[in-house]
Number of protein chains: 2
Amino acid sequence: MHILVTGAAGMLGRKLTASLVANGGMDGKPPDALTLIDVVEPAAPAGYAGRTVARATDIAAPGVAQAMIATRPDVIFHLAAIVSGEAEADFDKGYHINLDATRALFDAIRAERGASGYRPRVVFASSIAVFGAPFPEKIGDDFFTTPLTSYGTQKAIGELLLADYSRRGFLDGIALRLPTICVRPGAPNKAASGFFSNIIREPLVGEEAVLPVGDDVRHWHASPRSAVGFLRHAATMDLAALGARRALTLPGCSATVGDQIAALERVAGRKATALIRREPDPAIERIVAGWPRDFDPARALALGFRSETSFEEIIRVHIEDELGGRM
Amino acid sequence: MHILVTGAAGMLGRKLTASLVANGGMDGKPPDALTLIDVVEPAAPAGYAGRTVARATDIAAPGVAQAMIATRPDVIFHLAAIVSGEAEADFDKGYHINLDATRALFDAIRAERGASGYRPRVVFASSIAVFGAPFPEKIGDDFFTTPLTSYGTQKAIGELLLADYSRRGFLDGIALRLPTICVRPGAPNKAASGFFSNIIREPLVGEEAVLPVGDDVRHWHASPRSAVGFLRHAATMDLAALGARRALTLPGCSATVGDQIAALERVAGRKATALIRREPDPAIERIVAGWPRDFDPARALALGFRSETSFEEIIRVHIEDELGGRM
């Protein structure tokens, strides 16, 4: 099996690649070949004996999609994206990568199908950013997509294209609306959502973290481990059950910031929560007010997708996966 | 006021143009200028004293959108589209016109805005084809768009682009999900939906019409007169009430084929309904099974959009507007 990962140098791309190699690929044996693409050159996975092509490239540049598809990967994880903040700041760049490159990829697959009958599994990383407030208390599977960012718009368009290209038989696609991934490893970043991870990750290693919103802010989370599990499940499951509706809202854990802090205290004590410094930021509060709080992801649950069910579990997963089980 | 109509040679474009001229434009006086664009040259409206530019052009060709926008129309009715059947038969042509040309138009507006602060009202003709079965009994305003045709996909993408470009301040857009327009004037056509009009229009002039589906098929209709009314209202109303949700499902009349025939009998007697020949067509029955049956268009009603409320009214409108009030 040949697996292509776009956005392979990102947090999720690296974890997915490591998992594919460590856990015997997708069908019990390691993939024969990995193609790893990103705007910076992805690291080849350690201890992998298969053929690896790791390349830094602009996936929206002419000919790049065709070159990727000419090698006929069996499974394509399309994770590459300009993130929310940057797509909002640079309108053209966001549309260029998140829409044009996605469509170029799908069109390259369509052309190869016409030439050879090729029809790969395509797992497209979408986002709960396809939704925009106001919301019902829990967002159901048939709620409409009214994004409030260009990033969310581009992801919603990608979902529509994926569904149409799948319906026409050009590819076998599934779009996963990933929850906010928490706890993100690495240094604090300036994403508006960064604090959800910062207030857990930093105190666990004795560092201070800033909390810019109130304790009553509710949001939808899943761990990086769950995200990798979603991608792997989507790559191998029978998609017939999806019918024409190829986009899934994934399970997650709905928690308030207060729930997060209480879970941290149960896991790591008051010495950890004492490191959270409350510094309200009206700009971030305003952005976060437009974000989803809770979902009823009945379809994804019925299709076998699983995530953590409490925020405490999310913290324990972080400690196991990122801190070697120690605090 | 300068008004641009794309798709101006189509049934709806011609009726809209005639209405703008006959009814004193949009603000009580005739428009100063009309630009009429279509793939065949639109007829200039009779008896109109303002400046008219009528041009046959491919709106997706390089430079065409910029040329249209360089004249800075105040209101743009973007009606041009490859229809459902053709967009399904010719994948590239459908995406080229319904997606690429729409985006090129919006990008030309954005460029002109950057240059001069231009920000026109854009009324985008969308369709209930953005929805795909299975449906609830009545489709509400927050139901998701899961199109089952490439045409519906392209319209749903156009809605998303319109909303994002509006949110960013590049234009002031509204997307109208038109019901199936019935009774369509003119000769019977081969669209899968053609029979909804054929079984009324042909018997009213003593001609036979073929009914390929059962009497229990329910669908969502509005007259051409209502459609023109929707477009005119959308061009002048205050869009602030829409917020970021720029696409509206419009009011219509939900009627079964049996309701249609009963209404025809009330209006024109049994000699008319006797001209309907039942000739079931499994292919058409299958297509129609995926179409919406009924809506609860609460937002559009609250915003002042109005349609016929019975199918009998739709027939009487046809007789007034197309048959000079006589049968």
# chains A, B, ... in the order shown; residues from 1 in each chain; ligands from 1

$ closest_atom_pairs --of "chain A" --to "chain B" --cutoff "6 Å" --atoms "only C-alpha atoms" --output "tab-separated table"
residue	atom	partner	partner_atom	distance
A:Asp142	CA	B:Phe144	CA	5.3
A:Phe143	CA	B:Phe144	CA	5.2
A:Phe144	CA	B:Phe144	CA	3.9
A:Ile157	CA	B:Ile157	CA	5.7

$ residues_around --residues "Ser226 in chain A" --least-positions-apart "4" --cutoff "7 Å" --atoms "only C-alpha atoms" --output "VMD selection string"
chain A and resid 222 230 307

$ residues_around --residues "range 176-189 of chain A" --least-positions-apart "3" --cutoff "6 Å" --atoms "only C-alpha atoms" --output "PyMOL selection string"
chain A and resi 125-128+194+197-198+220-224+247-250

$ write_last_selection --atoms "N, CA and C atoms" --output "PDB file, in the first residue's frame"
ATOM      1  N   ALA A 125      -9.073  16.509   5.734  1.00  0.00           N
ATOM      2  CA  ALA A 125      -9.197  17.117   7.064  1.00  0.00           C
ATOM      3  C   ALA A 125     -10.025  18.384   6.959  1.00  0.00           C
ATOM      4  N   SER A 126     -11.286  18.306   7.389  1.00  0.00           N
ATOM      5  CA  SER A 126     -12.100  19.498   7.503  1.00  0.00           C
ATOM      6  C   SER A 126     -12.082  19.951   8.957  1.00  0.00           C
ATOM      7  N   SER A 127     -13.020  20.765   9.341  1.00  0.00           N
ATOM      8  CA  SER A 127     -12.925  21.413  10.656  1.00  0.00           C
ATOM      9  C   SER A 127     -14.303  21.825  11.126  1.00  0.00           C
ATOM     10  N   ILE A 128     -14.474  21.932  12.439  1.00  0.00           N
ATOM     11  CA  ILE A 128     -15.730  22.477  12.963  1.00  0.00           C
ATOM     12  C   ILE A 128     -15.841  23.970  12.654  1.00  0.00           C
ATOM     13  N   GLY A 194      -5.308  28.856  21.076  1.00  0.00           N
ATOM     14  CA  GLY A 194      -4.129  28.292  21.722  1.00  0.00           C
ATOM     15  C   GLY A 194      -4.296  28.084  23.222  1.00  0.00           C
ATOM     16  N   SER A 197      -5.114  24.671  24.959  1.00  0.00           N
ATOM     17  CA  SER A 197      -3.996  23.764  25.217  1.00  0.00           C
ATOM     18  C   SER A 197      -3.013  24.344  26.226  1.00  0.00           C
ATOM     19  N   ASN A 198      -2.728  25.648  26.074  1.00  0.00           N
ATOM     20  CA  ASN A 198      -1.709  26.266  26.921  1.00  0.00           C
ATOM     21  C   ASN A 198      -1.986  26.078  28.410  1.00  0.00           C
ATOM     22  N   TRP A 220     -15.250  22.261  22.049  1.00  0.00           N
ATOM     23  CA  TRP A 220     -15.327  20.858  21.625  1.00  0.00           C
ATOM     24  C   TRP A 220     -13.928  20.345  21.328  1.00  0.00           C
ATOM     25  N   HIS A 221     -13.464  19.359  22.079  1.00  0.00           N
ATOM     26  CA  HIS A 221     -12.057  18.949  22.056  1.00  0.00           C
ATOM     27  C   HIS A 221     -11.876  17.464  21.779  1.00  0.00           C
ATOM     28  N   ALA A 222     -10.738  17.142  21.174  1.00  0.00           N
ATOM     29  CA  ALA A 222     -10.284  15.751  21.111  1.00  0.00           C
ATOM     30  C   ALA A 222      -8.760  15.783  21.125  1.00  0.00           C
ATOM     31  N   SER A 223      -8.145  14.722  21.586  1.00  0.00           N
ATOM     32  CA  SER A 223      -6.682  14.675  21.705  1.00  0.00           C
ATOM     33  C   SER A 223      -6.050  14.439  20.340  1.00  0.00           C
ATOM     34  N   PRO A 224      -4.760  14.744  20.201  1.00  0.00           N
ATOM     35  CA  PRO A 224      -4.042  14.366  18.980  1.00  0.00           C
ATOM     36  C   PRO A 224      -4.137  12.858  18.724  1.00  0.00           C
ATOM     37  N   ALA A 247     -19.306  14.187   4.561  1.00  0.00           N
ATOM     38  CA  ALA A 247     -18.658  14.951   5.633  1.00  0.00           C
ATOM     39  C   ALA A 247     -19.228  14.527   6.975  1.00  0.00           C
ATOM     40  N   LEU A 248     -18.338  14.277   7.920  1.00  0.00           N
ATOM     41  CA  LEU A 248     -18.760  13.830   9.249  1.00  0.00           C
ATOM     42  C   LEU A 248     -18.254  14.778  10.327  1.00  0.00           C
ATOM     43  N   THR A 249     -19.146  15.151  11.226  1.00  0.00           N
ATOM     44  CA  THR A 249     -18.726  15.797  12.464  1.00  0.00           C
ATOM     45  C   THR A 249     -18.274  14.697  13.413  1.00  0.00           C
ATOM     46  N   LEU A 250     -17.062  14.822  13.934  1.00  0.00           N
ATOM     47  CA  LEU A 250     -16.473  13.744  14.731  1.00  0.00           C
ATOM     48  C   LEU A 250     -16.802  13.896  16.202  1.00  0.00           C
TER      49      LEU A 250
END

$ residues_around --residues "Leu79 in chain B" --least-positions-apart "5" --cutoff "9 Å" --atoms "only C-alpha atoms" --output "ChimeraX atom specification"
/B:5-8,10,12-13,123-126

$ closest_atom_pairs --of "range 114-202 of chain A" --to "range 267-289 of chain A" --cutoff "9 Å" --atoms "only C-alpha atoms" --output "tab-separated table"
residue	atom	partner	partner_atom	distance
A:Ala133	CA	A:Ala289	CA	7.8
A:Ala192	CA	A:Ile284	CA	6.1
A:Ser193	CA	A:Val288	CA	7.7
A:Ile199	CA	A:Ile276	CA	6.1
A:Ile200	CA	A:Thr273	CA	8.5
A:Glu202	CA	A:Leu275	CA	8.2

$ residues_around --residues "Arg293 in chain A" --least-positions-apart "3" --cutoff "9 Å" --atoms "only C-alpha atoms" --output "PDB file with C-alpha atoms, in the first residue's frame"
ATOM      1  CA  PHE A 135     -25.934  27.641  17.310  1.00  0.00           C
ATOM      2  CA  GLU A 137     -27.175  23.951  22.338  1.00  0.00           C
ATOM      3  CA  LYS A 138     -25.904  20.824  20.555  1.00  0.00           C
ATOM      4  CA  ILE A 139     -25.165  20.935  16.819  1.00  0.00           C
ATOM      5  CA  VAL A 217     -16.519  29.282  27.747  1.00  0.00           C
ATOM      6  CA  ARG A 218     -17.504  25.879  26.352  1.00  0.00           C
ATOM      7  CA  HIS A 219     -15.769  24.204  23.416  1.00  0.00           C
ATOM      8  CA  TRP A 220     -15.327  20.858  21.625  1.00  0.00           C
ATOM      9  CA  SER A 254     -17.541  19.251  25.269  1.00  0.00           C
ATOM     10  CA  ALA A 255     -15.954  21.040  28.196  1.00  0.00           C
ATOM     11  CA  THR A 256     -15.970  24.505  29.693  1.00  0.00           C
TER      12      THR A 256
END

$ closest_residue --among "B:Ala101, B:Val75, B:Ala191, B:Ile261" --to "Glu312 in chain B" --atoms "only C-alpha atoms"
B:Ile261

$ select_by_dssp --residues "range 30-162 of chain B" --states "strand (DSSP E or B)" --output "list in words"
Ala33, Leu34, Thr35, Leu36, Ile37, Asp38, Arg51, Thr52, Val53, Ala54, Arg55, Ala56, Val75, Ile76, Phe77, His78, Arg121, Val122, Val123, Phe124, Ala125, Ser126, Ser127, Ile139 and Phe143 of chain B

$ write_last_selection --atoms "N, CA and C atoms" --output "short mmCIF file (atom, residue, chain, number, x, y, z; two decimals), in the first residue's frame"
data_model
loop_
_atom_site.label_atom_id
_atom_site.label_comp_id
_atom_site.auth_asym_id
_atom_site.auth_seq_id
_atom_site.Cartn_x
_atom_site.Cartn_y
_atom_site.Cartn_z
N ALA B 33 -28.92 52.85 -16.80
CA ALA B 33 -28.21 51.98 -17.74
C ALA B 33 -28.46 50.52 -17.39
N LEU B 34 -28.52 49.72 -18.44
CA LEU B 34 -28.66 48.27 -18.30
C LEU B 34 -27.52 47.61 -19.05
N THR B 35 -26.83 46.69 -18.40
CA THR B 35 -25.88 45.84 -19.11
C THR B 35 -26.43 44.43 -19.06
N LEU B 36 -26.65 43.87 -20.25
CA LEU B 36 -27.27 42.55 -20.37
C LEU B 36 -26.27 41.60 -21.01
N ILE B 37 -25.94 40.54 -20.29
CA ILE B 37 -24.89 39.61 -20.73
C ILE B 37 -25.50 38.21 -20.81
N ASP B 38 -25.13 37.49 -21.85
CA ASP B 38 -25.50 36.08 -21.92
C ASP B 38 -24.63 35.41 -22.97
N ARG B 51 -29.40 53.87 -21.42
CA ARG B 51 -28.29 53.26 -22.13
C ARG B 51 -28.33 51.74 -21.94
N THR B 52 -28.31 51.00 -23.02
CA THR B 52 -28.31 49.54 -22.92
C THR B 52 -27.07 48.98 -23.60
N VAL B 53 -26.37 48.12 -22.90
CA VAL B 53 -25.32 47.33 -23.53
C VAL B 53 -25.78 45.88 -23.45
N ALA B 54 -25.98 45.25 -24.61
CA ALA B 54 -26.36 43.83 -24.64
C ALA B 54 -25.27 43.09 -25.38
N ARG B 55 -24.73 42.06 -24.73
CA ARG B 55 -23.53 41.44 -25.31
C ARG B 55 -23.54 39.92 -25.13
N ALA B 56 -23.16 39.22 -26.20
CA ALA B 56 -22.96 37.78 -26.11
C ALA B 56 -21.51 37.53 -25.73
N VAL B 75 -26.11 47.40 -9.12
CA VAL B 75 -26.77 46.15 -8.75
C VAL B 75 -26.41 45.10 -9.80
N ILE B 76 -26.03 43.92 -9.35
CA ILE B 76 -25.69 42.82 -10.26
C ILE B 76 -26.62 41.65 -9.97
N PHE B 77 -27.39 41.28 -10.98
CA PHE B 77 -28.16 40.05 -10.89
C PHE B 77 -27.36 38.96 -11.59
N HIS B 78 -26.83 38.03 -10.82
CA HIS B 78 -26.00 36.97 -11.42
C HIS B 78 -26.87 35.73 -11.60
N ARG B 121 -24.47 45.74 -4.73
CA ARG B 121 -25.40 44.70 -4.33
C ARG B 121 -25.31 43.57 -5.35
N VAL B 122 -25.11 42.34 -4.89
CA VAL B 122 -25.07 41.17 -5.78
C VAL B 122 -26.19 40.22 -5.40
N VAL B 123 -27.09 39.99 -6.35
CA VAL B 123 -28.17 39.04 -6.14
C VAL B 123 -27.84 37.78 -6.94
N PHE B 124 -27.58 36.70 -6.22
CA PHE B 124 -27.11 35.45 -6.84
C PHE B 124 -28.25 34.45 -6.89
N ALA B 125 -28.57 33.96 -8.09
CA ALA B 125 -29.63 32.97 -8.23
C ALA B 125 -29.09 31.60 -7.83
N SER B 126 -29.47 31.15 -6.65
CA SER B 126 -29.16 29.79 -6.24
C SER B 126 -30.40 28.94 -6.48
N SER B 127 -30.47 27.80 -5.87
CA SER B 127 -31.51 26.84 -6.23
C SER B 127 -31.77 25.89 -5.07
N ILE B 139 -38.35 21.17 5.03
CA ILE B 139 -36.94 21.53 5.20
C ILE B 139 -36.87 22.92 5.83
N PHE B 143 -31.25 23.67 7.65
CA PHE B 143 -30.94 22.32 7.16
C PHE B 143 -29.70 22.37 6.27
#

$ select_by_dssp --residues "range 54-249 of chain A" --states "alpha helix (DSSP H)" --output "compact mmCIF listing (two decimals) with N, CA and C atoms, in the first residue's frame"
# COMPACT_ATOMS: atom_id res chain seq x y z
N VAL A 64 2.07 20.15 -9.77
CA VAL A 64 2.44 19.44 -8.54
C VAL A 64 1.41 18.36 -8.21
N ALA A 65 0.13 18.70 -8.32
CA ALA A 65 -0.90 17.69 -8.01
C ALA A 65 -0.78 16.50 -8.96
N GLN A 66 -0.59 16.78 -10.25
CA GLN A 66 -0.45 15.70 -11.22
C GLN A 66 0.75 14.82 -10.88
N ALA A 67 1.87 15.45 -10.48
CA ALA A 67 3.07 14.67 -10.14
C ALA A 67 2.80 13.79 -8.92
N MET A 68 2.11 14.32 -7.94
CA MET A 68 1.78 13.52 -6.74
C MET A 68 0.93 12.32 -7.12
N ILE A 69 -0.03 12.55 -8.01
CA ILE A 69 -1.02 11.50 -8.33
C ILE A 69 -0.47 10.51 -9.36
N ALA A 70 0.53 10.93 -10.13
CA ALA A 70 1.12 10.02 -11.12
C ALA A 70 1.66 8.75 -10.47
N SER A 84 -6.50 29.02 10.09
CA SER A 84 -7.57 30.01 10.19
C SER A 84 -7.07 31.46 10.22
N GLY A 85 -6.16 31.73 11.14
CA GLY A 85 -5.69 33.11 11.30
C GLY A 85 -5.01 33.63 10.05
N GLU A 86 -4.17 32.79 9.43
CA GLU A 86 -3.44 33.23 8.25
C GLU A 86 -4.38 33.36 7.05
N ALA A 87 -5.36 32.45 6.92
CA ALA A 87 -6.30 32.53 5.80
C ALA A 87 -7.16 33.79 5.92
N GLU A 88 -7.35 34.26 7.15
CA GLU A 88 -8.11 35.49 7.35
C GLU A 88 -7.25 36.71 7.03
N ALA A 89 -5.97 36.61 7.37
CA ALA A 89 -5.06 37.74 7.14
C ALA A 89 -4.65 37.85 5.67
N PHE A 91 -6.08 36.75 2.27
CA PHE A 91 -7.23 36.20 1.57
C PHE A 91 -6.81 35.33 0.38
N ASP A 92 -5.91 35.86 -0.44
CA ASP A 92 -5.52 35.12 -1.65
C ASP A 92 -4.78 33.83 -1.32
N LYS A 93 -3.90 33.89 -0.36
CA LYS A 93 -3.12 32.70 0.01
C LYS A 93 -4.05 31.60 0.54
N GLY A 94 -5.01 31.98 1.36
CA GLY A 94 -5.96 31.01 1.90
C GLY A 94 -6.74 30.31 0.79
N THR A 102 -6.71 22.08 -3.25
CA THR A 102 -7.59 20.94 -3.00
C THR A 102 -8.28 20.51 -4.28
N ARG A 103 -8.77 21.50 -5.02
CA ARG A 103 -9.45 21.18 -6.27
C ARG A 103 -8.46 20.61 -7.30
N ALA A 104 -7.24 21.16 -7.33
CA ALA A 104 -6.23 20.64 -8.26
C ALA A 104 -5.91 19.18 -7.93
N LEU A 105 -5.85 18.87 -6.65
CA LEU A 105 -5.61 17.48 -6.24
C LEU A 105 -6.74 16.58 -6.72
N PHE A 106 -7.97 17.01 -6.46
CA PHE A 106 -9.12 16.19 -6.88
C PHE A 106 -9.17 16.06 -8.41
N ASP A 107 -8.83 17.14 -9.12
CA ASP A 107 -8.86 17.07 -10.58
C ASP A 107 -7.75 16.18 -11.14
N ALA A 108 -6.61 16.18 -10.46
CA ALA A 108 -5.53 15.29 -10.89
C ALA A 108 -5.96 13.83 -10.72
N ILE A 109 -6.66 13.55 -9.64
CA ILE A 109 -7.17 12.19 -9.41
C ILE A 109 -8.18 11.83 -10.49
N ARG A 110 -9.06 12.79 -10.80
CA ARG A 110 -10.07 12.55 -11.83
C ARG A 110 -9.42 12.24 -13.18
N ALA A 111 -8.37 12.99 -13.51
CA ALA A 111 -7.68 12.77 -14.79
C ALA A 111 -7.03 11.39 -14.81
N GLU A 112 -6.41 11.01 -13.69
CA GLU A 112 -5.76 9.69 -13.61
C GLU A 112 -6.82 8.59 -13.69
N ARG A 113 -7.97 8.84 -13.11
CA ARG A 113 -9.06 7.85 -13.19
C ARG A 113 -9.47 7.66 -14.64
N GLY A 114 -9.60 8.77 -15.35
CA GLY A 114 -9.97 8.67 -16.76
C GLY A 114 -8.95 7.86 -17.55
N ALA A 115 -7.68 8.01 -17.16
CA ALA A 115 -6.60 7.34 -17.89
C ALA A 115 -6.48 5.87 -17.51
N SER A 116 -6.76 5.52 -16.25
CA SER A 116 -6.37 4.17 -15.78
C SER A 116 -7.37 3.51 -14.84
N SER A 150 -12.81 32.82 6.43
CA SER A 150 -12.50 32.34 5.08
C SER A 150 -12.01 30.90 5.15
N TYR A 151 -11.25 30.56 6.18
CA TYR A 151 -10.79 29.18 6.38
C TYR A 151 -11.98 28.22 6.45
N GLY A 152 -12.96 28.55 7.27
CA GLY A 152 -14.14 27.69 7.38
C GLY A 152 -14.89 27.60 6.05
N THR A 153 -14.95 28.71 5.31
CA THR A 153 -15.58 28.71 3.99
C THR A 153 -14.85 27.75 3.06
N GLN A 154 -13.52 27.83 3.06
CA GLN A 154 -12.72 26.98 2.17
C GLN A 154 -12.87 25.51 2.54
N LYS A 155 -12.95 25.21 3.81
CA LYS A 155 -13.15 23.82 4.23
C LYS A 155 -14.55 23.33 3.82
N ALA A 156 -15.55 24.18 3.98
CA ALA A 156 -16.92 23.79 3.59
C ALA A 156 -16.99 23.54 2.08
N ILE A 157 -16.28 24.35 1.30
CA ILE A 157 -16.24 24.15 -0.16
C ILE A 157 -15.51 22.85 -0.47
N GLY A 158 -14.42 22.58 0.23
CA GLY A 158 -13.70 21.32 0.04
C GLY A 158 -14.60 20.12 0.30
N GLU A 159 -15.43 20.22 1.32
CA GLU A 159 -16.38 19.13 1.62
C GLU A 159 -17.34 18.91 0.45
N LEU A 160 -17.85 20.02 -0.11
CA LEU A 160 -18.80 19.91 -1.22
C LEU A 160 -18.14 19.29 -2.45
N LEU A 161 -16.91 19.73 -2.75
CA LEU A 161 -16.19 19.16 -3.89
C LEU A 161 -15.94 17.67 -3.67
N LEU A 162 -15.47 17.32 -2.49
CA LEU A 162 -15.19 15.92 -2.17
C LEU A 162 -16.44 15.06 -2.37
N ALA A 163 -17.58 15.57 -1.92
CA ALA A 163 -18.83 14.80 -2.05
C ALA A 163 -19.21 14.64 -3.52
N ASP A 164 -19.05 15.72 -4.30
CA ASP A 164 -19.43 15.64 -5.71
C ASP A 164 -18.49 14.72 -6.48
N TYR A 165 -17.19 14.85 -6.24
CA TYR A 165 -16.22 13.99 -6.93
C TYR A 165 -16.40 12.53 -6.50
N SER A 166 -16.83 12.31 -5.28
CA SER A 166 -17.10 10.93 -4.84
C SER A 166 -18.36 10.39 -5.51
N ARG A 167 -19.40 11.23 -5.53
CA ARG A 167 -20.67 10.83 -6.14
C ARG A 167 -20.47 10.47 -7.61
N GLY A 194 -5.31 28.86 21.08
CA GLY A 194 -4.13 28.29 21.72
C GLY A 194 -4.30 28.08 23.22
N PHE A 195 -5.04 28.98 23.86
CA PHE A 195 -5.13 28.91 25.33
C PHE A 195 -5.75 27.61 25.83
N PHE A 196 -6.63 26.98 25.00
CA PHE A 196 -7.25 25.73 25.45
C PHE A 196 -6.17 24.69 25.77
N SER A 197 -5.11 24.67 24.96
CA SER A 197 -4.00 23.76 25.22
C SER A 197 -3.01 24.34 26.23
N ASN A 198 -2.73 25.65 26.07
CA ASN A 198 -1.71 26.27 26.92
C ASN A 198 -1.99 26.08 28.41
N ILE A 199 -3.27 26.23 28.79
CA ILE A 199 -3.58 26.21 30.23
C ILE A 199 -3.45 24.80 30.82
N ILE A 200 -3.28 23.81 29.99
CA ILE A 200 -3.03 22.44 30.48
C ILE A 200 -1.53 22.11 30.35
N ARG A 201 -1.02 22.31 29.12
CA ARG A 201 0.33 21.86 28.80
C ARG A 201 1.39 22.57 29.66
N GLU A 202 1.27 23.89 29.80
CA GLU A 202 2.31 24.65 30.50
C GLU A 202 2.31 24.33 32.00
N PRO A 203 1.18 24.38 32.70
CA PRO A 203 1.20 24.03 34.13
C PRO A 203 1.73 22.63 34.42
N LEU A 204 1.48 21.70 33.50
CA LEU A 204 1.96 20.32 33.73
C LEU A 204 3.48 20.23 33.77
N PRO A 224 -4.76 14.74 20.20
CA PRO A 224 -4.04 14.37 18.98
C PRO A 224 -4.14 12.86 18.72
N ARG A 225 -4.10 12.05 19.78
CA ARG A 225 -4.21 10.60 19.60
C ARG A 225 -5.55 10.23 18.97
N SER A 226 -6.62 10.86 19.44
CA SER A 226 -7.93 10.62 18.82
C SER A 226 -7.94 11.06 17.37
N ALA A 227 -7.32 12.20 17.08
CA ALA A 227 -7.31 12.71 15.71
C ALA A 227 -6.63 11.71 14.77
N VAL A 228 -5.51 11.14 15.21
CA VAL A 228 -4.83 10.12 14.40
C VAL A 228 -5.75 8.91 14.24
N GLY A 229 -6.43 8.54 15.32
CA GLY A 229 -7.37 7.42 15.23
C GLY A 229 -8.49 7.69 14.23
N PHE A 230 -9.01 8.92 14.21
CA PHE A 230 -10.06 9.29 13.25
C PHE A 230 -9.55 9.09 11.82
N LEU A 231 -8.35 9.60 11.56
CA LEU A 231 -7.80 9.55 10.19
C LEU A 231 -7.60 8.10 9.76
N ARG A 232 -7.04 7.28 10.65
CA ARG A 232 -6.79 5.88 10.31
C ARG A 232 -8.10 5.13 10.08
N HIS A 233 -9.08 5.39 10.93
CA HIS A 233 -10.38 4.71 10.76
C HIS A 233 -11.02 5.12 9.43
N ALA A 234 -10.93 6.42 9.12
CA ALA A 234 -11.54 6.92 7.88
C ALA A 234 -10.87 6.32 6.64
N ALA A 235 -9.61 5.94 6.79
CA ALA A 235 -8.87 5.41 5.63
C ALA A 235 -9.23 3.98 5.31
N THR A 236 -9.80 3.27 6.27
CA THR A 236 -10.02 1.83 6.07
C THR A 236 -11.49 1.43 6.14

$ atom_distance --atom1 "CA of Arg326 in chain A" --atom2 "CA of Ala209 in chain A"
19.5 Å

$ atom_distance --atom1 "CA of Pro136 in chain A" --atom2 "CA of Ile82 in chain A"
28.5 Å

$ decode --residues "range 157-177 of chain A" --atoms "C-alpha atoms" --output "mmCIF file, in the first residue's frame"
data_model
loop_
_atom_site.group_PDB
_atom_site.id
_atom_site.type_symbol
_atom_site.label_atom_id
_atom_site.label_comp_id
_atom_site.auth_asym_id
_atom_site.auth_seq_id
_atom_site.Cartn_x
_atom_site.Cartn_y
_atom_site.Cartn_z
ATOM 1 C CA ILE A 157 -16.239 24.150 -0.155
ATOM 2 C CA GLY A 158 -13.703 21.320 0.037
ATOM 3 C CA GLU A 159 -16.379 19.128 1.618
ATOM 4 C CA LEU A 160 -18.797 19.906 -1.224
ATOM 5 C CA LEU A 161 -16.195 19.157 -3.887
ATOM 6 C CA LEU A 162 -15.192 15.919 -2.169
ATOM 7 C CA ALA A 163 -18.828 14.797 -2.050
ATOM 8 C CA ASP A 164 -19.433 15.642 -5.708
ATOM 9 C CA TYR A 165 -16.221 13.988 -6.933
ATOM 10 C CA SER A 166 -17.100 10.931 -4.835
ATOM 11 C CA ARG A 167 -20.669 10.830 -6.143
ATOM 12 C CA ARG A 168 -19.330 10.962 -9.695
ATOM 13 C CA GLY A 169 -16.997 8.050 -8.925
ATOM 14 C CA PHE A 170 -13.730 9.956 -9.398
ATOM 15 C CA LEU A 171 -12.507 9.175 -5.883
ATOM 16 C CA ASP A 172 -13.733 7.592 -2.662
ATOM 17 C CA GLY A 173 -13.712 10.472 -0.231
ATOM 18 C CA ILE A 174 -14.535 11.252 3.362
ATOM 19 C CA ALA A 175 -14.267 14.639 5.063
ATOM 20 C CA LEU A 176 -13.593 14.734 8.796
ATOM 21 C CA ARG A 177 -14.630 17.795 10.776
#
